[in-house]
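Source file: entry.pdb (PDB, N, CA and C atoms, pLDDT in the B column)
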```pdb
ATOM      1  N   MET Y 281     333.193 175.782 -83.265  1.00 47.00           N
ATOM      2  CA  MET Y 281     332.303 176.146 -82.158  1.00 47.00           C
ATOM      3  C   MET Y 281     333.121 176.585 -80.966  1.00 47.00           C
ATOM      4  N   SER Y 282     332.758 177.689 -80.385  1.00 49.00           N
ATOM      5  CA  SER Y 282     333.470 178.216 -79.231  1.00 49.00           C
ATOM      6  C   SER Y 282     333.135 177.391 -77.984  1.00 49.00           C
ATOM      7  N   ASP Y 283     334.103 177.330 -77.076  1.00 51.00           N
ATOM      8  CA  ASP Y 283     333.844 176.589 -75.842  1.00 51.00           C
ATOM      9  C   ASP Y 283     333.392 177.509 -74.713  1.00 51.00           C
ATOM     10  N   GLN Y 284     333.105 178.779 -75.052  1.00 69.00           N
ATOM     11  CA  GLN Y 284     332.622 179.697 -74.026  1.00 69.00           C
ATOM     12  C   GLN Y 284     331.242 179.263 -73.529  1.00 69.00           C
ATOM     13  N   GLN Y 285     330.968 179.619 -72.302  1.00 88.00           N
ATOM     14  CA  GLN Y 285     329.670 179.288 -71.721  1.00 88.00           C
ATOM     15  C   GLN Y 285     328.646 180.334 -72.145  1.00 88.00           C
ATOM     16  N   LEU Y 286     327.488 179.881 -72.562  1.00 95.00           N
ATOM     17  CA  LEU Y 286     326.420 180.787 -72.977  1.00 95.00           C
ATOM     18  C   LEU Y 286     325.265 180.730 -71.994  1.00 95.00           C
ATOM     19  N   HIS Y 287     324.525 181.835 -71.932  1.00 97.00           N
ATOM     20  CA  HIS Y 287     323.293 181.850 -71.148  1.00 97.00           C
ATOM     21  C   HIS Y 287     322.281 180.922 -71.822  1.00 97.00           C
ATOM     22  N   ARG Y 288     321.374 180.403 -71.033  1.00 97.00           N
ATOM     23  CA  ARG Y 288     320.381 179.449 -71.521  1.00 97.00           C
ATOM     24  C   ARG Y 288     318.980 179.987 -71.227  1.00 97.00           C
ATOM     25  N   VAL Y 289     318.087 179.808 -72.196  1.00 98.00           N
ATOM     26  CA  VAL Y 289     316.688 180.198 -72.026  1.00 98.00           C
ATOM     27  C   VAL Y 289     315.899 178.980 -71.550  1.00 98.00           C
ATOM     28  N   ILE Y 290     315.159 179.163 -70.471  1.00 97.00           N
ATOM     29  CA  ILE Y 290     314.277 178.108 -69.964  1.00 97.00           C
ATOM     30  C   ILE Y 290     312.845 178.618 -70.094  1.00 97.00           C
ATOM     31  N   ILE Y 291     312.028 177.851 -70.793  1.00 97.00           N
ATOM     32  CA  ILE Y 291     310.634 178.247 -71.036  1.00 97.00           C
ATOM     33  C   ILE Y 291     309.696 177.227 -70.411  1.00 97.00           C
ATOM     34  N   GLU Y 292     308.713 177.740 -69.683  1.00 97.00           N
ATOM     35  CA  GLU Y 292     307.618 176.887 -69.201  1.00 97.00           C
ATOM     36  C   GLU Y 292     306.432 177.151 -70.110  1.00 97.00           C
ATOM     37  N   ARG Y 293     306.360 176.355 -71.183  1.00 96.00           N
ATOM     38  CA  ARG Y 293     305.306 176.574 -72.188  1.00 96.00           C
ATOM     39  C   ARG Y 293     303.907 176.487 -71.584  1.00 96.00           C
ATOM     40  N   SER Y 294     303.737 175.707 -70.526  1.00 97.00           N
ATOM     41  CA  SER Y 294     302.423 175.580 -69.905  1.00 97.00           C
ATOM     42  C   SER Y 294     301.973 176.887 -69.260  1.00 97.00           C
ATOM     43  N   LYS Y 295     302.913 177.778 -68.942  1.00 97.00           N
ATOM     44  CA  LYS Y 295     302.578 179.077 -68.352  1.00 97.00           C
ATOM     45  C   LYS Y 295     302.292 180.140 -69.410  1.00 97.00           C
ATOM     46  N   CYS Y 296     302.791 179.916 -70.635  1.00 97.00           N
ATOM     47  CA  CYS Y 296     302.688 180.930 -71.684  1.00 97.00           C
ATOM     48  C   CYS Y 296     301.222 181.189 -72.035  1.00 97.00           C
ATOM     49  N   CYS Y 297     300.866 182.479 -72.060  1.00 96.00           N
ATOM     50  CA  CYS Y 297     299.496 182.878 -72.394  1.00 96.00           C
ATOM     51  C   CYS Y 297     299.389 183.444 -73.806  1.00 96.00           C
ATOM     52  N   GLY Y 298     300.501 183.474 -74.534  1.00 96.00           N
ATOM     53  CA  GLY Y 298     300.461 183.901 -75.925  1.00 96.00           C
ATOM     54  C   GLY Y 298     300.433 185.396 -76.150  1.00 96.00           C
ATOM     55  N   TYR Y 299     300.902 186.183 -75.198  1.00 96.00           N
ATOM     56  CA  TYR Y 299     300.925 187.634 -75.402  1.00 96.00           C
ATOM     57  C   TYR Y 299     301.892 188.031 -76.510  1.00 96.00           C
ATOM     58  N   GLY Y 300     302.998 187.297 -76.649  1.00 97.00           N
ATOM     59  CA  GLY Y 300     303.952 187.552 -77.718  1.00 97.00           C
ATOM     60  C   GLY Y 300     304.910 188.700 -77.479  1.00 97.00           C
ATOM     61  N   LEU Y 301     304.927 189.240 -76.261  1.00 97.00           N
ATOM     62  CA  LEU Y 301     305.831 190.357 -75.982  1.00 97.00           C
ATOM     63  C   LEU Y 301     307.291 189.941 -76.119  1.00 97.00           C
ATOM     64  N   CYS Y 302     307.606 188.732 -75.719  1.00 98.00           N
ATOM     65  CA  CYS Y 302     308.984 188.241 -75.812  1.00 98.00           C
ATOM     66  C   CYS Y 302     309.454 188.258 -77.261  1.00 98.00           C
ATOM     67  N   ALA Y 303     308.628 187.729 -78.157  1.00 98.00           N
ATOM     68  CA  ALA Y 303     308.986 187.661 -79.575  1.00 98.00           C
ATOM     69  C   ALA Y 303     309.008 189.041 -80.217  1.00 98.00           C
ATOM     70  N   ALA Y 304     308.178 189.953 -79.742  1.00 98.00           N
ATOM     71  CA  ALA Y 304     308.178 191.317 -80.272  1.00 98.00           C
ATOM     72  C   ALA Y 304     309.476 192.030 -79.892  1.00 98.00           C
ATOM     73  N   ILE Y 305     309.979 191.758 -78.699  1.00 98.00           N
ATOM     74  CA  ILE Y 305     311.196 192.409 -78.202  1.00 98.00           C
ATOM     75  C   ILE Y 305     312.452 191.738 -78.749  1.00 98.00           C
ATOM     76  N   CYS Y 306     312.453 190.413 -78.804  1.00 98.00           N
ATOM     77  CA  CYS Y 306     313.653 189.681 -79.233  1.00 98.00           C
ATOM     78  C   CYS Y 306     313.289 188.528 -80.171  1.00 98.00           C
ATOM     79  N   PRO Y 307     312.894 188.854 -81.407  1.00 98.00           N
ATOM     80  CA  PRO Y 307     312.477 187.802 -82.346  1.00 98.00           C
ATOM     81  C   PRO Y 307     313.610 186.868 -82.773  1.00 98.00           C
ATOM     82  N   GLU Y 308     314.859 187.286 -82.543  1.00 97.00           N
ATOM     83  CA  GLU Y 308     315.987 186.427 -82.893  1.00 97.00           C
ATOM     84  C   GLU Y 308     316.064 185.207 -81.973  1.00 97.00           C
ATOM     85  N   VAL Y 309     315.529 185.337 -80.762  1.00 98.00           N
ATOM     86  CA  VAL Y 309     315.572 184.238 -79.790  1.00 98.00           C
ATOM     87  C   VAL Y 309     314.207 183.582 -79.636  1.00 98.00           C
ATOM     88  N   TYR Y 310     313.169 184.400 -79.424  1.00 98.00           N
ATOM     89  CA  TYR Y 310     311.842 183.877 -79.115  1.00 98.00           C
ATOM     90  C   TYR Y 310     310.980 183.800 -80.366  1.00 98.00           C
ATOM     91  N   LYS Y 311     310.373 182.654 -80.571  1.00 98.00           N
ATOM     92  CA  LYS Y 311     309.466 182.425 -81.694  1.00 98.00           C
ATOM     93  C   LYS Y 311     308.097 182.052 -81.125  1.00 98.00           C
ATOM     94  N   LEU Y 312     307.062 182.211 -81.930  1.00 97.00           N
ATOM     95  CA  LEU Y 312     305.717 181.808 -81.526  1.00 97.00           C
ATOM     96  C   LEU Y 312     305.222 180.728 -82.472  1.00 97.00           C
ATOM     97  N   ASP Y 313     304.636 179.671 -81.905  1.00 97.00           N
ATOM     98  CA  ASP Y 313     304.085 178.613 -82.754  1.00 97.00           C
ATOM     99  C   ASP Y 313     302.718 179.044 -83.288  1.00 97.00           C
ATOM    100  N   ALA Y 314     302.057 178.178 -84.018  1.00 96.00           N
ATOM    101  CA  ALA Y 314     300.778 178.520 -84.645  1.00 96.00           C
ATOM    102  C   ALA Y 314     299.722 178.924 -83.624  1.00 96.00           C
ATOM    103  N   GLY Y 315     299.847 178.430 -82.403  1.00 95.00           N
ATOM    104  CA  GLY Y 315     298.911 178.781 -81.342  1.00 95.00           C
ATOM    105  C   GLY Y 315     299.332 179.992 -80.533  1.00 95.00           C
ATOM    106  N   GLY Y 316     300.455 180.630 -80.923  1.00 96.00           N
ATOM    107  CA  GLY Y 316     300.928 181.815 -80.218  1.00 96.00           C
ATOM    108  C   GLY Y 316     301.754 181.514 -78.984  1.00 96.00           C
ATOM    109  N   ILE Y 317     302.160 180.258 -78.813  1.00 97.00           N
ATOM    110  CA  ILE Y 317     302.931 179.867 -77.629  1.00 97.00           C
ATOM    111  C   ILE Y 317     304.422 179.944 -77.967  1.00 97.00           C
ATOM    112  N   VAL Y 318     305.194 180.485 -77.029  1.00 98.00           N
ATOM    113  CA  VAL Y 318     306.618 180.710 -77.255  1.00 98.00           C
ATOM    114  C   VAL Y 318     307.409 179.407 -77.344  1.00 98.00           C
ATOM    115  N   TYR Y 319     308.432 179.456 -78.200  1.00 97.00           N
ATOM    116  CA  TYR Y 319     309.430 178.389 -78.265  1.00 97.00           C
ATOM    117  C   TYR Y 319     310.729 179.023 -78.746  1.00 97.00           C
ATOM    118  N   VAL Y 320     311.822 178.287 -78.690  1.00 97.00           N
ATOM    119  CA  VAL Y 320     313.105 178.763 -79.189  1.00 97.00           C
ATOM    120  C   VAL Y 320     313.691 177.712 -80.119  1.00 97.00           C
ATOM    121  N   ASP Y 321     314.416 178.172 -81.134  1.00 96.00           N
ATOM    122  CA  ASP Y 321     315.122 177.243 -82.010  1.00 96.00           C
ATOM    123  C   ASP Y 321     316.316 176.642 -81.278  1.00 96.00           C
ATOM    124  N   SER Y 322     316.948 177.448 -80.433  1.00 95.00           N
ATOM    125  CA  SER Y 322     318.067 177.002 -79.606  1.00 95.00           C
ATOM    126  C   SER Y 322     317.905 177.638 -78.242  1.00 95.00           C
ATOM    127  N   ASP Y 323     318.149 176.872 -77.187  1.00 95.00           N
ATOM    128  CA  ASP Y 323     318.012 177.457 -75.854  1.00 95.00           C
ATOM    129  C   ASP Y 323     319.263 178.203 -75.422  1.00 95.00           C
ATOM    130  N   LEU Y 324     320.294 178.238 -76.268  1.00 97.00           N
ATOM    131  CA  LEU Y 324     321.509 178.978 -75.956  1.00 97.00           C
ATOM    132  C   LEU Y 324     321.417 180.383 -76.537  1.00 97.00           C
ATOM    133  N   VAL Y 325     321.779 181.379 -75.732  1.00 97.00           N
ATOM    134  CA  VAL Y 325     321.666 182.782 -76.141  1.00 97.00           C
ATOM    135  C   VAL Y 325     323.050 183.337 -76.450  1.00 97.00           C
ATOM    136  N   PRO Y 326     323.301 183.744 -77.700  1.00 95.00           N
ATOM    137  CA  PRO Y 326     324.582 184.387 -78.013  1.00 95.00           C
ATOM    138  C   PRO Y 326     324.743 185.669 -77.201  1.00 95.00           C
ATOM    139  N   ASP Y 327     325.973 185.985 -76.850  1.00 95.00           N
ATOM    140  CA  ASP Y 327     326.231 187.184 -76.044  1.00 95.00           C
ATOM    141  C   ASP Y 327     325.652 188.445 -76.665  1.00 95.00           C
ATOM    142  N   ALA Y 328     325.686 188.527 -77.989  1.00 97.00           N
ATOM    143  CA  ALA Y 328     325.186 189.725 -78.679  1.00 97.00           C
ATOM    144  C   ALA Y 328     323.686 189.929 -78.473  1.00 97.00           C
ATOM    145  N   LEU Y 329     322.964 188.857 -78.152  1.00 97.00           N
ATOM    146  CA  LEU Y 329     321.509 188.953 -77.965  1.00 97.00           C
ATOM    147  C   LEU Y 329     321.088 188.878 -76.499  1.00 97.00           C
ATOM    148  N   LEU Y 330     322.053 188.792 -75.604  1.00 97.00           N
ATOM    149  CA  LEU Y 330     321.729 188.555 -74.193  1.00 97.00           C
ATOM    150  C   LEU Y 330     320.831 189.636 -73.603  1.00 97.00           C
ATOM    151  N   GLU Y 331     321.148 190.891 -73.837  1.00 98.00           N
ATOM    152  CA  GLU Y 331     320.370 191.975 -73.240  1.00 98.00           C
ATOM    153  C   GLU Y 331     318.923 191.966 -73.728  1.00 98.00           C
ATOM    154  N   THR Y 332     318.705 191.815 -75.043  1.00 98.00           N
ATOM    155  CA  THR Y 332     317.336 191.807 -75.547  1.00 98.00           C
ATOM    156  C   THR Y 332     316.612 190.516 -75.161  1.00 98.00           C
ATOM    157  N   ALA Y 333     317.345 189.420 -75.036  1.00 98.00           N
ATOM    158  CA  ALA Y 333     316.717 188.177 -74.565  1.00 98.00           C
ATOM    159  C   ALA Y 333     316.227 188.347 -73.136  1.00 98.00           C
ATOM    160  N   ARG Y 334     317.022 189.014 -72.310  1.00 98.00           N
ATOM    161  CA  ARG Y 334     316.603 189.288 -70.919  1.00 98.00           C
ATOM    162  C   ARG Y 334     315.392 190.216 -70.897  1.00 98.00           C
ATOM    163  N   GLU Y 335     315.396 191.236 -71.755  1.00 98.00           N
ATOM    164  CA  GLU Y 335     314.258 192.161 -71.823  1.00 98.00           C
ATOM    165  C   GLU Y 335     312.989 191.426 -72.241  1.00 98.00           C
ATOM    166  N   GLY Y 336     313.109 190.533 -73.216  1.00 98.00           N
ATOM    167  CA  GLY Y 336     311.956 189.750 -73.660  1.00 98.00           C
ATOM    168  C   GLY Y 336     311.417 188.866 -72.552  1.00 98.00           C
ATOM    169  N   ALA Y 337     312.310 188.234 -71.803  1.00 98.00           N
ATOM    170  CA  ALA Y 337     311.897 187.389 -70.685  1.00 98.00           C
ATOM    171  C   ALA Y 337     311.220 188.217 -69.601  1.00 98.00           C
ATOM    172  N   ALA Y 338     311.790 189.385 -69.303  1.00 98.00           N
ATOM    173  CA  ALA Y 338     311.235 190.248 -68.255  1.00 98.00           C
ATOM    174  C   ALA Y 338     309.862 190.793 -68.635  1.00 98.00           C
ATOM    175  N   ALA Y 339     309.597 190.929 -69.941  1.00 98.00           N
ATOM    176  CA  ALA Y 339     308.320 191.476 -70.405  1.00 98.00           C
ATOM    177  C   ALA Y 339     307.175 190.466 -70.327  1.00 98.00           C
ATOM    178  N   CYS Y 340     307.501 189.199 -70.104  1.00 97.00           N
ATOM    179  CA  CYS Y 340     306.466 188.162 -70.085  1.00 97.00           C
ATOM    180  C   CYS Y 340     305.558 188.323 -68.872  1.00 97.00           C
ATOM    181  N   PRO Y 341     304.270 188.624 -69.088  1.00 96.00           N
ATOM    182  CA  PRO Y 341     303.363 188.801 -67.957  1.00 96.00           C
ATOM    183  C   PRO Y 341     303.121 187.505 -67.178  1.00 96.00           C
ATOM    184  N   ALA Y 342     303.320 186.363 -67.828  1.00 97.00           N
ATOM    185  CA  ALA Y 342     303.079 185.077 -67.167  1.00 97.00           C
ATOM    186  C   ALA Y 342     304.345 184.531 -66.489  1.00 97.00           C
ATOM    187  N   GLU Y 343     305.473 185.282 -66.628  1.00 97.00           N
ATOM    188  CA  GLU Y 343     306.748 184.835 -66.059  1.00 97.00           C
ATOM    189  C   GLU Y 343     307.093 183.412 -66.499  1.00 97.00           C
ATOM    190  N   ALA Y 344     306.901 183.142 -67.792  1.00 98.00           N
ATOM    191  CA  ALA Y 344     307.130 181.819 -68.344  1.00 98.00           C
ATOM    192  C   ALA Y 344     308.560 181.605 -68.848  1.00 98.00           C
ATOM    193  N   ILE Y 345     309.365 182.680 -68.850  1.00 98.00           N
ATOM    194  CA  ILE Y 345     310.709 182.618 -69.429  1.00 98.00           C
ATOM    195  C   ILE Y 345     311.748 183.058 -68.405  1.00 98.00           C
ATOM    196  N   VAL Y 346     312.831 182.282 -68.331  1.00 97.00           N
ATOM    197  CA  VAL Y 346     313.966 182.619 -67.484  1.00 97.00           C
ATOM    198  C   VAL Y 346     315.217 182.545 -68.348  1.00 97.00           C
ATOM    199  N   VAL Y 347     316.096 183.544 -68.224  1.00 98.00           N
ATOM    200  CA  VAL Y 347     317.402 183.477 -68.862  1.00 98.00           C
ATOM    201  C   VAL Y 347     318.396 183.142 -67.756  1.00 98.00           C
ATOM    202  N   GLN Y 348     318.987 181.961 -67.876  1.00 97.00           N
ATOM    203  CA  GLN Y 348     319.844 181.417 -66.827  1.00 97.00           C
ATOM    204  C   GLN Y 348     321.313 181.626 -67.186  1.00 97.00           C
ATOM    205  N   ALA Y 349     322.084 182.113 -66.219  1.00 95.00           N
ATOM    206  CA  ALA Y 349     323.512 182.290 -66.416  1.00 95.00           C
ATOM    207  C   ALA Y 349     324.201 180.935 -66.515  1.00 95.00           C
ATOM    208  N   PRO Y 350     325.368 180.898 -67.172  1.00 92.00           N
ATOM    209  CA  PRO Y 350     326.105 179.643 -67.263  1.00 92.00           C
ATOM    210  C   PRO Y 350     326.466 179.126 -65.881  1.00 92.00           C
ATOM    211  N   ALA Y 351     326.495 177.808 -65.760  1.00 82.00           N
ATOM    212  CA  ALA Y 351     326.814 177.190 -64.456  1.00 82.00           C
ATOM    213  C   ALA Y 351     328.299 177.292 -64.172  1.00 82.00           C
TER     214      ALA Y 351
END
```

Starting from the coordinates I provided, produce the structure as structure tokens.
Amino acid sequence: MSDQQLHRVIIERSKCCGYGLCAAICPEVYKLDAGGIVYVDSDLVPDALLETAREGAAACPAEAIVVQAPA
């Protein structure tokens, strides 16, 4: 495991309205549960997926997703 710092996805599931735009844009990071609410398997975003993860977060009409830079 690399010791590099990775970006982190923060989701406010209570804000999610189930549009699914995040998962449509970046299915490698964002998943939808049976009710259509977003979740992630891991809140760490590999560098290779960072741009599409940011695009998926930005597409959320409810602003329920934030991609946070490493501290």

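Neighbouring residues of Val320 of chain Y at 6 Å or closer, counting all atoms listed in the file and skipping chain neighbours under 3 positions away, are Val309, Tyr310, Lys311 and Asp323 of chain Y.
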
Picked residues, the PyMOL selection byres ((chain Y and resi 340-349) around 5), as a PDB file with N, CA and C atoms, in the frame of the given file:
```
ATOM      1  N   HIS Y 287     324.525 181.835 -71.932  1.00 97.00           N
ATOM      2  CA  HIS Y 287     323.293 181.850 -71.148  1.00 97.00           C
ATOM      3  C   HIS Y 287     322.281 180.922 -71.822  1.00 97.00           C
ATOM      4  N   ARG Y 288     321.374 180.403 -71.033  1.00 97.00           N
ATOM      5  CA  ARG Y 288     320.381 179.449 -71.521  1.00 97.00           C
ATOM      6  C   ARG Y 288     318.980 179.987 -71.227  1.00 97.00           C
ATOM      7  N   VAL Y 289     318.087 179.808 -72.196  1.00 98.00           N
ATOM      8  CA  VAL Y 289     316.688 180.198 -72.026  1.00 98.00           C
ATOM      9  C   VAL Y 289     315.899 178.980 -71.550  1.00 98.00           C
ATOM     10  N   ILE Y 290     315.159 179.163 -70.471  1.00 97.00           N
ATOM     11  CA  ILE Y 290     314.277 178.108 -69.964  1.00 97.00           C
ATOM     12  C   ILE Y 290     312.845 178.618 -70.094  1.00 97.00           C
ATOM     13  N   ILE Y 291     312.028 177.851 -70.793  1.00 97.00           N
ATOM     14  CA  ILE Y 291     310.634 178.247 -71.036  1.00 97.00           C
ATOM     15  C   ILE Y 291     309.696 177.227 -70.411  1.00 97.00           C
ATOM     16  N   GLU Y 292     308.713 177.740 -69.683  1.00 97.00           N
ATOM     17  CA  GLU Y 292     307.618 176.887 -69.201  1.00 97.00           C
ATOM     18  C   GLU Y 292     306.432 177.151 -70.110  1.00 97.00           C
ATOM     19  N   GLY Y 336     313.109 190.533 -73.216  1.00 98.00           N
ATOM     20  CA  GLY Y 336     311.956 189.750 -73.660  1.00 98.00           C
ATOM     21  C   GLY Y 336     311.417 188.866 -72.552  1.00 98.00           C
ATOM     22  N   ALA Y 337     312.310 188.234 -71.803  1.00 98.00           N
ATOM     23  CA  ALA Y 337     311.897 187.389 -70.685  1.00 98.00           C
ATOM     24  C   ALA Y 337     311.220 188.217 -69.601  1.00 98.00           C
ATOM     25  N   ALA Y 338     311.790 189.385 -69.303  1.00 98.00           N
ATOM     26  CA  ALA Y 338     311.235 190.248 -68.255  1.00 98.00           C
ATOM     27  C   ALA Y 338     309.862 190.793 -68.635  1.00 98.00           C
ATOM     28  N   ALA Y 339     309.597 190.929 -69.941  1.00 98.00           N
ATOM     29  CA  ALA Y 339     308.320 191.476 -70.405  1.00 98.00           C
ATOM     30  C   ALA Y 339     307.175 190.466 -70.327  1.00 98.00           C
ATOM     31  N   PRO Y 350     325.368 180.898 -67.172  1.00 92.00           N
ATOM     32  CA  PRO Y 350     326.105 179.643 -67.263  1.00 92.00           C
ATOM     33  C   PRO Y 350     326.466 179.126 -65.881  1.00 92.00           C
ATOM     34  N   ALA Y 351     326.495 177.808 -65.760  1.00 82.00           N
ATOM     35  CA  ALA Y 351     326.814 177.190 -64.456  1.00 82.00           C
ATOM     36  C   ALA Y 351     328.299 177.292 -64.172  1.00 82.00           C
TER      37      ALA Y 351
END
```

Looking at Y:Asp327, Y:Gly316, Y:Asp321, Y:Glu335, which one is nearest to Gly298 of chain Y, with distances taken over only C-alpha atoms?
->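 The closest residue to Gly298 of chain Y is Y:Gly316.
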
How far is it from atom CA of Arg293 of chain Y to atom N of Tyr319 of chain Y, in Å with one decimal?
->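 We find that atom CA of Arg293 of chain Y and atom N of Tyr319 of chain Y lie 7.4 Å from each other.
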
From the list Y:Cys297, Y:Ala328, Y:Leu286, Y:Ala333, the nearest residue to Gly315 of chain Y using only C-alpha atoms is Y:Cys297

Kindly give the distance, in Å, that separates atom CA of Pro307 of chain Y and atom CA of Thr332 of chain Y, rounded to a single decimal.
->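 Going from atom CA of Pro307 of chain Y over to atom CA of Thr332 of chain Y, I get 9.3 Å.
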
Return as AutoDock Vina command-line options the box centre and box size in Å, one decimal, for an axis-aligned box around all listed atoms of segment 288-291 of chain Y padded by 5 Å per side.
```
--center_x 315.5 --center_y 178.8 --center_z -71.1 --size_x 21.7 --size_y 13.2 --size_z 12.2
```

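The two atoms in question, atom CA of Leu301 of chain Y and atom N of Glu331 of chain Y, are spaced 15.5 Å apart.
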
Where does DSSP see alpha helix (DSSP H) in chain Y, if you list the residues as a PyMOL selection string?
-> chain Y and resi 301-305+330-338

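Considering only C-alpha atoms, the residue among Y:Leu324, Y:Leu330, Y:Gly300, Y:Gln285 positioned nearest to Leu312 of chain Y is Y:Gly300.
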
In chain Y, DSSP strand (DSSP E or B) residues written as a ChimeraX atom specification | /Y:287-291,310-312,318-320,324-325,345-348

Take the structure in the block and write a file for segment 294-301 of chain Y, all heavy atoms, as a compact mmCIF listing (two decimals), in the first residue's frame.
```txt
# COMPACT_ATOMS: atom_id res chain seq x y z
N SER Y 294 -28.21 11.97 3.54
CA SER Y 294 -29.51 12.57 3.83
C SER Y 294 -29.89 13.62 2.80
O SER Y 294 -31.07 13.92 2.62
CB SER Y 294 -29.53 13.18 5.22
OG SER Y 294 -28.58 14.23 5.32
N LYS Y 295 -28.91 14.18 2.09
CA LYS Y 295 -29.18 15.18 1.05
C LYS Y 295 -29.46 14.54 -0.31
O LYS Y 295 -30.01 15.18 -1.19
CB LYS Y 295 -27.97 16.12 0.88
CG LYS Y 295 -27.83 17.18 1.91
CD LYS Y 295 -26.65 18.05 1.50
CE LYS Y 295 -26.63 19.38 2.20
NZ LYS Y 295 -25.53 20.21 1.69
N CYS Y 296 -29.00 13.29 -0.49
CA CYS Y 296 -29.10 12.64 -1.80
C CYS Y 296 -30.56 12.45 -2.20
O CYS Y 296 -31.37 11.93 -1.43
CB CYS Y 296 -28.39 11.29 -1.76
SG CYS Y 296 -28.47 10.39 -3.32
N CYS Y 297 -30.87 12.87 -3.43
CA CYS Y 297 -32.23 12.74 -3.95
C CYS Y 297 -32.36 11.60 -4.96
O CYS Y 297 -33.43 11.39 -5.53
CB CYS Y 297 -32.67 14.05 -4.61
SG CYS Y 297 -32.79 15.41 -3.45
N GLY Y 298 -31.27 10.87 -5.20
CA GLY Y 298 -31.34 9.70 -6.06
C GLY Y 298 -31.32 9.98 -7.55
O GLY Y 298 -31.76 9.15 -8.33
N TYR Y 299 -30.79 11.12 -7.96
CA TYR Y 299 -30.72 11.41 -9.40
C TYR Y 299 -29.77 10.45 -10.11
O TYR Y 299 -29.97 10.13 -11.27
CB TYR Y 299 -30.27 12.85 -9.64
CG TYR Y 299 -31.32 13.87 -9.31
CD1 TYR Y 299 -31.28 14.55 -8.10
CD2 TYR Y 299 -32.35 14.16 -10.20
CE1 TYR Y 299 -32.25 15.48 -7.77
CE2 TYR Y 299 -33.32 15.09 -9.88
CZ TYR Y 299 -33.27 15.75 -8.67
OH TYR Y 299 -34.22 16.68 -8.35
N GLY Y 300 -28.70 10.04 -9.44
CA GLY Y 300 -27.77 9.08 -10.01
C GLY Y 300 -26.76 9.64 -10.99
O GLY Y 300 -26.05 8.89 -11.64
N LEU Y 301 -26.69 10.97 -11.10
CA LEU Y 301 -25.74 11.56 -12.03
C LEU Y 301 -24.30 11.24 -11.65
O LEU Y 301 -23.46 11.00 -12.52
CB LEU Y 301 -25.93 13.08 -12.10
CG LEU Y 301 -27.28 13.55 -12.61
CD1 LEU Y 301 -27.40 15.06 -12.50
CD2 LEU Y 301 -27.48 13.11 -14.05
```
